[in-house]
Structure formats: C-alpha cells, structure tokens
Protein chains: 2
Amino acid sequence: MIQSVRRAALILKELGSSPRMGVTELGERLGLAKATVFGLLRALEAEQLVERDEEAGKYRLGPAMLQLGNAFLDNHELRARSLLWAETLASRVGEAVRVGVLNGRRVLIVHHVFRPDNSVQILEVGASIPWHACALGKAMVAYLEADQRGELLDGDLARLTGKTVCDPTALDRELDQVARRGVALEDQEAIVGEAEIAATVFDHGGTPVGAIGVAGPVERLLSDGPSPHVVAAVRETGRSLSREMGAGRLSVRAR
Amino acid sequence: MIQSVRRAALILKELGSSPRMGVTELGERLGLAKATVFGLLRALEAEQLVERDEEAGKYRLGPAMLQLGNAFLDNHELRARSLLWAETLASRVGEAVRVGVLNGRRVLIVHHVFRPDNSVQILEVGASIPWHACALGKAMVAYLEADQRGELLDGDLARLTGKTVCDPTALDRELDQVARRGVALEDQEAIVGEAEIAATVFDHGGTPVGAIGVAGPVERLLSDGPSPHVVAAVRETGRSLSREMGAGRLSVRAR
DNA sequence: GACGGTGTTCGGTATCGTCGAACGACGAGC
DNA sequence: GCTCGTCGTTCGACGATACCGAACACCGTC
C-alpha cells in the first residue's frame, strides 16, 4: 500500500468532512508531522485537488474534485442504464425516485428524479445514507452472501429517527422478509414523515449491484400497508433494470 | 512535489476521461512501468477512489470520488451564497441560470437552476466549458489582471461552433467591452441556438471569484440586441451576490 | 515588544516507492 | 487443441525520495 497516496486520500476525506482546515489541524488529526502534511497538500494543490484559501492559509477541496466526481457518474453503468427507467417510474407513481449503490456501510445515491410536481426539492445525488435506514440499502443487503450480510449487521447501526431499526436480530428478520417479498420498505427510519419502497438490481450473475426505489411522504406510500400500485411499479422496474444490466454483460461475453 | 501523489492524481484524471482502463494502458499513457501503476491503483482502490471491474480487470473511478465532489460543492462559498439569488433570477427571467468559477482555462459550473418550465433538462453542475466560449468565462476574464488575461488569450482557443470567437485580438476587444458594459454576452459560441448573458461576482477585494448568468435560446435572449430585461436582472444579481461575498469577508474581519 | 500561533523551508536518514523481469491466467487464432 | 500473445499480478533489489524534527518567517494578540 503506497503510504503517501493513502495519506493523501485521508487528507482529502478529512477536508471533505469539514471545510477549511489548516496544516496543523490536519497533522494532528492524522498523526503526521506538519511538514509531511504540507508536502502532500502541495502535491494535491498542484493537481487542483485542493485549493488554498488565500488570506487564511486554510485548505479546502479543489475544483478538480468536482470534475472527477462528475466523471464517476458519467462512467457509471447502473446510473446510465437507470436514467430512462427512473424517469418512467417517477411519472408513473408521481413521486421522487432514487437509485443507489452500496458503498461500505452506506448507500450512495447515484441518480435522483424529482417528484413531478413543481415543488422545490434538493438534489440528493452524491449523498450517502446508512444502509439500514433506507429501503435502497435493505434491498441490496437482503441479497448479499451470508457473511457480508453478517458483517453489515454487526457494525454500528445508528439511530436517525425514533423509528430507525437498530436491533440486528430484528433487521435480520426484516431482510428475510425483503427477500421473500421482492421489495424493501422503509418507514420514517431516516427522516420523519418520509418513506421509501425499493427493489434490488442484479447483474447477470445474480449479485446485487444497486437498488432503485420510490421515496415520498409516508401517508401516500405506506398508509394501510405499502401502496400496491407503487410496489408493483417498483418491482417491475427493478426487474427490467436487472435484465438490462445482465443483457449488457451477456452481449459483451458473446463477442 | 511528491511524485507518487502526483502520479496518482494523473491516474485519476486519466480514468475520468475514459471509462475503464487497464494497468497496461494507463502505464503507456503516463510512461510508467506496469508495476508502478499497479501499486498506485492498489492504494487508490483501498481508499475507494478507484474500483476494479471484476471479470474484466479494468479500473474505473470509485464511489468515494462522488462523495468528495459533493463535499466540494457543500463547502463552496460562492455556491452556497448563490443558491437563493440564482433561484430568484431564474424565476424572474424565466430561463435557466448557471453559476461558474474559473478553473485553469475552463469554467466549472458549480450551480445550475433549470428553466422554470417543465421541460426535461440535464443538470450541468460539474461540467466545464472553455472560458472563451461562454459568457460566464468572459465575465470573469474581463476583470483579471492584465498578465493573467494575456495568458488566457494566448493559449489555444478551440472552435466549438461556427460562431466561437477564436481570435485573440477580437476577444481582447470584446473583453474591454464587457468591462465597460458590466455584463458579458455569448451568442451560440458553445452550442448552436444557445446564448448566455452573465455578470461577474467579485470578492471584497474586487477580484473576480465567479460569475452568474442566464442561459437560453438565442431568440429569447439576443434578438435585436441583448434583452434589456435580462441584462438588468443579471447585472443586479451579480452586484447583490458580490456584496454578499464581500460582506461575509468583512464580518469575518470585524471579529 | 514579546509571545503563541500559524504556514513554510531545510537537510539528513532510512524508509519506501520504483523498475525490470518473471509468473499465471485468460482468450484468440492458425 | 495447442500455442502464442496479452493481460493483470508478484517478486526482489536498487536507490531515489518522501518523511521527520528543528529552525524560520509571519501574523495577530496580549
């Protein structure tokens, strides 16, 4: 593992979590000598990965970071293939649609279609949510190998709202139910008043590569049990997307 | 300059420009030994900055990249302060609004408000445009120090459409006009049919830190000269934003 | 004017990244 | 079906190079 690169990456993540930090502060947080941090920052600055705030001497993430983040999205296969499906799903159910992938113990949103009314909504692409607090996460974890699933159940399961399920045993049982039902539910476990219904997206080998789901007010999605209309639409979309992801692979193989 | 960090950054940028590359290909492009590239990729992979495509062995950008890109936006002062102004401007003129910063020879879009009709539009945040082909870029360059302006005029000025201004002398003259007028114009110089009207945003010291502009169909913005209504709205918004950027600084100083 | 706090520079040491060559696996092609 | 070519990967030794501690320069404060 190349030391300096690893350290540079840690610096970037540290800068991402709190805007504007000085050399000394970074050095303390990472347990490195000031001079070491300074050298790394110099290299990162030359590549525009970090920027120095003149007149304060503090450092922050640089513009190249945004370009690379965008490049990640452009190259993302699941995202590219889900654009049309997500749009269709959103207009079919009249709610917002999110597409996410599992990244460690969190779900990273890679696509987001606004609810098709004219309300002001914030774009969640790039946000990451604890896996156990969203339907997208549960939809993916439910189909992981037992050992990976166990690992995710073991770690810490933060409580975001009063309804977040933090008990590993209860979560495990819920995941079994997700696998049986084919869709995952979330009832105000991340944000009070918001619910989500999601389906898993599989690759050609049957391993989950992401999830797509409908998010909206709990009273429209879950009053009197999950809305059958939404559940059916989400399930179908998940299946179609999975087929498309698999098809892509197969055609590559067939060449 | 730390060699390995610099090389790692080059790898990231290379991966950003073309999705999925192998160790050998990267080694050739950067003039490095395969083993060297492999080691760097290993380190980057451990930090989720790159991902390996199983079954093809190729590498691509990783999810951490998106999170960092997002963190850059969250920490961006101009962006944060422009959110409300951009929204207001968009609804006032009924067109899309973009906010950008200068990044080398290109303008990086850090905020984008859709035209307030219900048409499908793609989000341009993260995109970067040659400075001479958009009003945002001209608005900033017009107020740079003479030497920086000269540098930007000297480099290559790519032709994107038939109307792109690529002649340094003509551009120089246009920049003078921008400074006199207080707004920059762009007439189908990046995309045929699209025009833009932009104003500079200054910090407390009077140096340009960004630009905000209205983009839309040329017939609505520039028929019979620049639409006075839009020009006035853009100019005012730029001034207000500048005041806010400066005010922030001053209050910091006053502490 | 001295102090504590920055960010920055410097130089020696040993660590650590680099390279070339060899390995193993996969797929293509005569 | 065997070989060849190419890919990603591993290994080991060399020596360049990144690391650290200490000293410097700078600012604002007490």
# chains A, B, ... in the order shown; residues from 1 in each chain; ligands from 1
$ select_by_dssp --residues "segment 28-165 of chain B" --states "strand (DSSP E or B)" --output "list in words"
Val50, Glu51, Arg52, Asp53, Lys58, Tyr59, Arg60, Leu61, Ala96, Val97, Arg98, Val99, Gly100, Val101, Leu102, Asn103, Arg106, Val107, Leu108, Ile109, Val110, His111, His112, Val113, Ser128, Ile129 and Pro130 of chain B
$ interface_residues --of "chain C" --to "chain B" --cutoff "8 Å" --atoms "only C-alpha atoms (C1' of nucleotides)" --output "list in words"
DG17, DT18 and DC19 of chain C
$ residues_around --residues "segment 54-65 of chain B" --least-positions-apart "2" --cutoff "9 Å" --atoms "only C-alpha atoms (C1' of nucleotides)" --output "PyMOL selection string"
(chain A and resi 13+65-66+68-73+75-76+101+103+108+126) or (chain B and resi 12+15-16+18-23+41+44-45+47-52+67-70) or (chain D and resi 7-8)
$ interface_residues --of "chain D" --to "chain A" --cutoff "8 Å" --atoms "only C-alpha atoms (C1' of nucleotides)" --output "list of chain:residue names"
D:DA18, D:DC19, D:DC20
$ write_last_selection --atoms "N, CA and C atoms (P, O5', C5', C4', C3', O3' and C1' of nucleotides)" --output "CSV table (one decimal), in the first residue's frame"
chain,number,residue,atom,x,y,z
D,18,DA,P,8.7,11.4,-3.7
D,18,DA,O5',7.8,11.3,-2.4
D,18,DA,C5',7.5,10.0,-1.9
D,18,DA,C4',7.7,9.9,-0.4
D,18,DA,C3',7.0,11.0,0.4
D,18,DA,O3',6.6,10.4,1.6
D,18,DA,C1',9.3,11.0,1.0
D,19,DC,P,5.5,11.0,2.5
D,19,DC,O5',6.3,11.1,3.9
D,19,DC,C5',6.5,9.9,4.6
D,19,DC,C4',7.6,10.2,5.6
D,19,DC,C3',7.2,11.2,6.7
D,19,DC,O3',6.9,10.6,7.9
D,19,DC,C1',9.5,11.5,5.8
D,20,DC,P,6.1,11.4,9.0
D,20,DC,O5',7.2,12.0,9.9
D,20,DC,C5',8.2,11.1,10.4
D,20,DC,C4',9.4,12.0,10.8
D,20,DC,C3',9.1,13.1,11.8
D,20,DC,O3',9.5,12.7,13.1
D,20,DC,C1',10.6,13.8,10.1
$ atom_distance --atom1 "atom CA of Thr161 of chain B" --atom2 "atom CA of Asp187 of chain B"
10.2 Å
$ closest_residue --among "B:Gly94, B:Arg105, B:Ser223, B:Ala195" --to "Asn118 of chain B" --atoms "only C-alpha atoms"
B:Gly94
$ select_by_dssp --residues "segment 107-231 of chain A" --states "alpha helix (DSSP H)" --output "PyMOL selection string"
chain A and resi 135-141+146-154+168-181+218-221+228-231
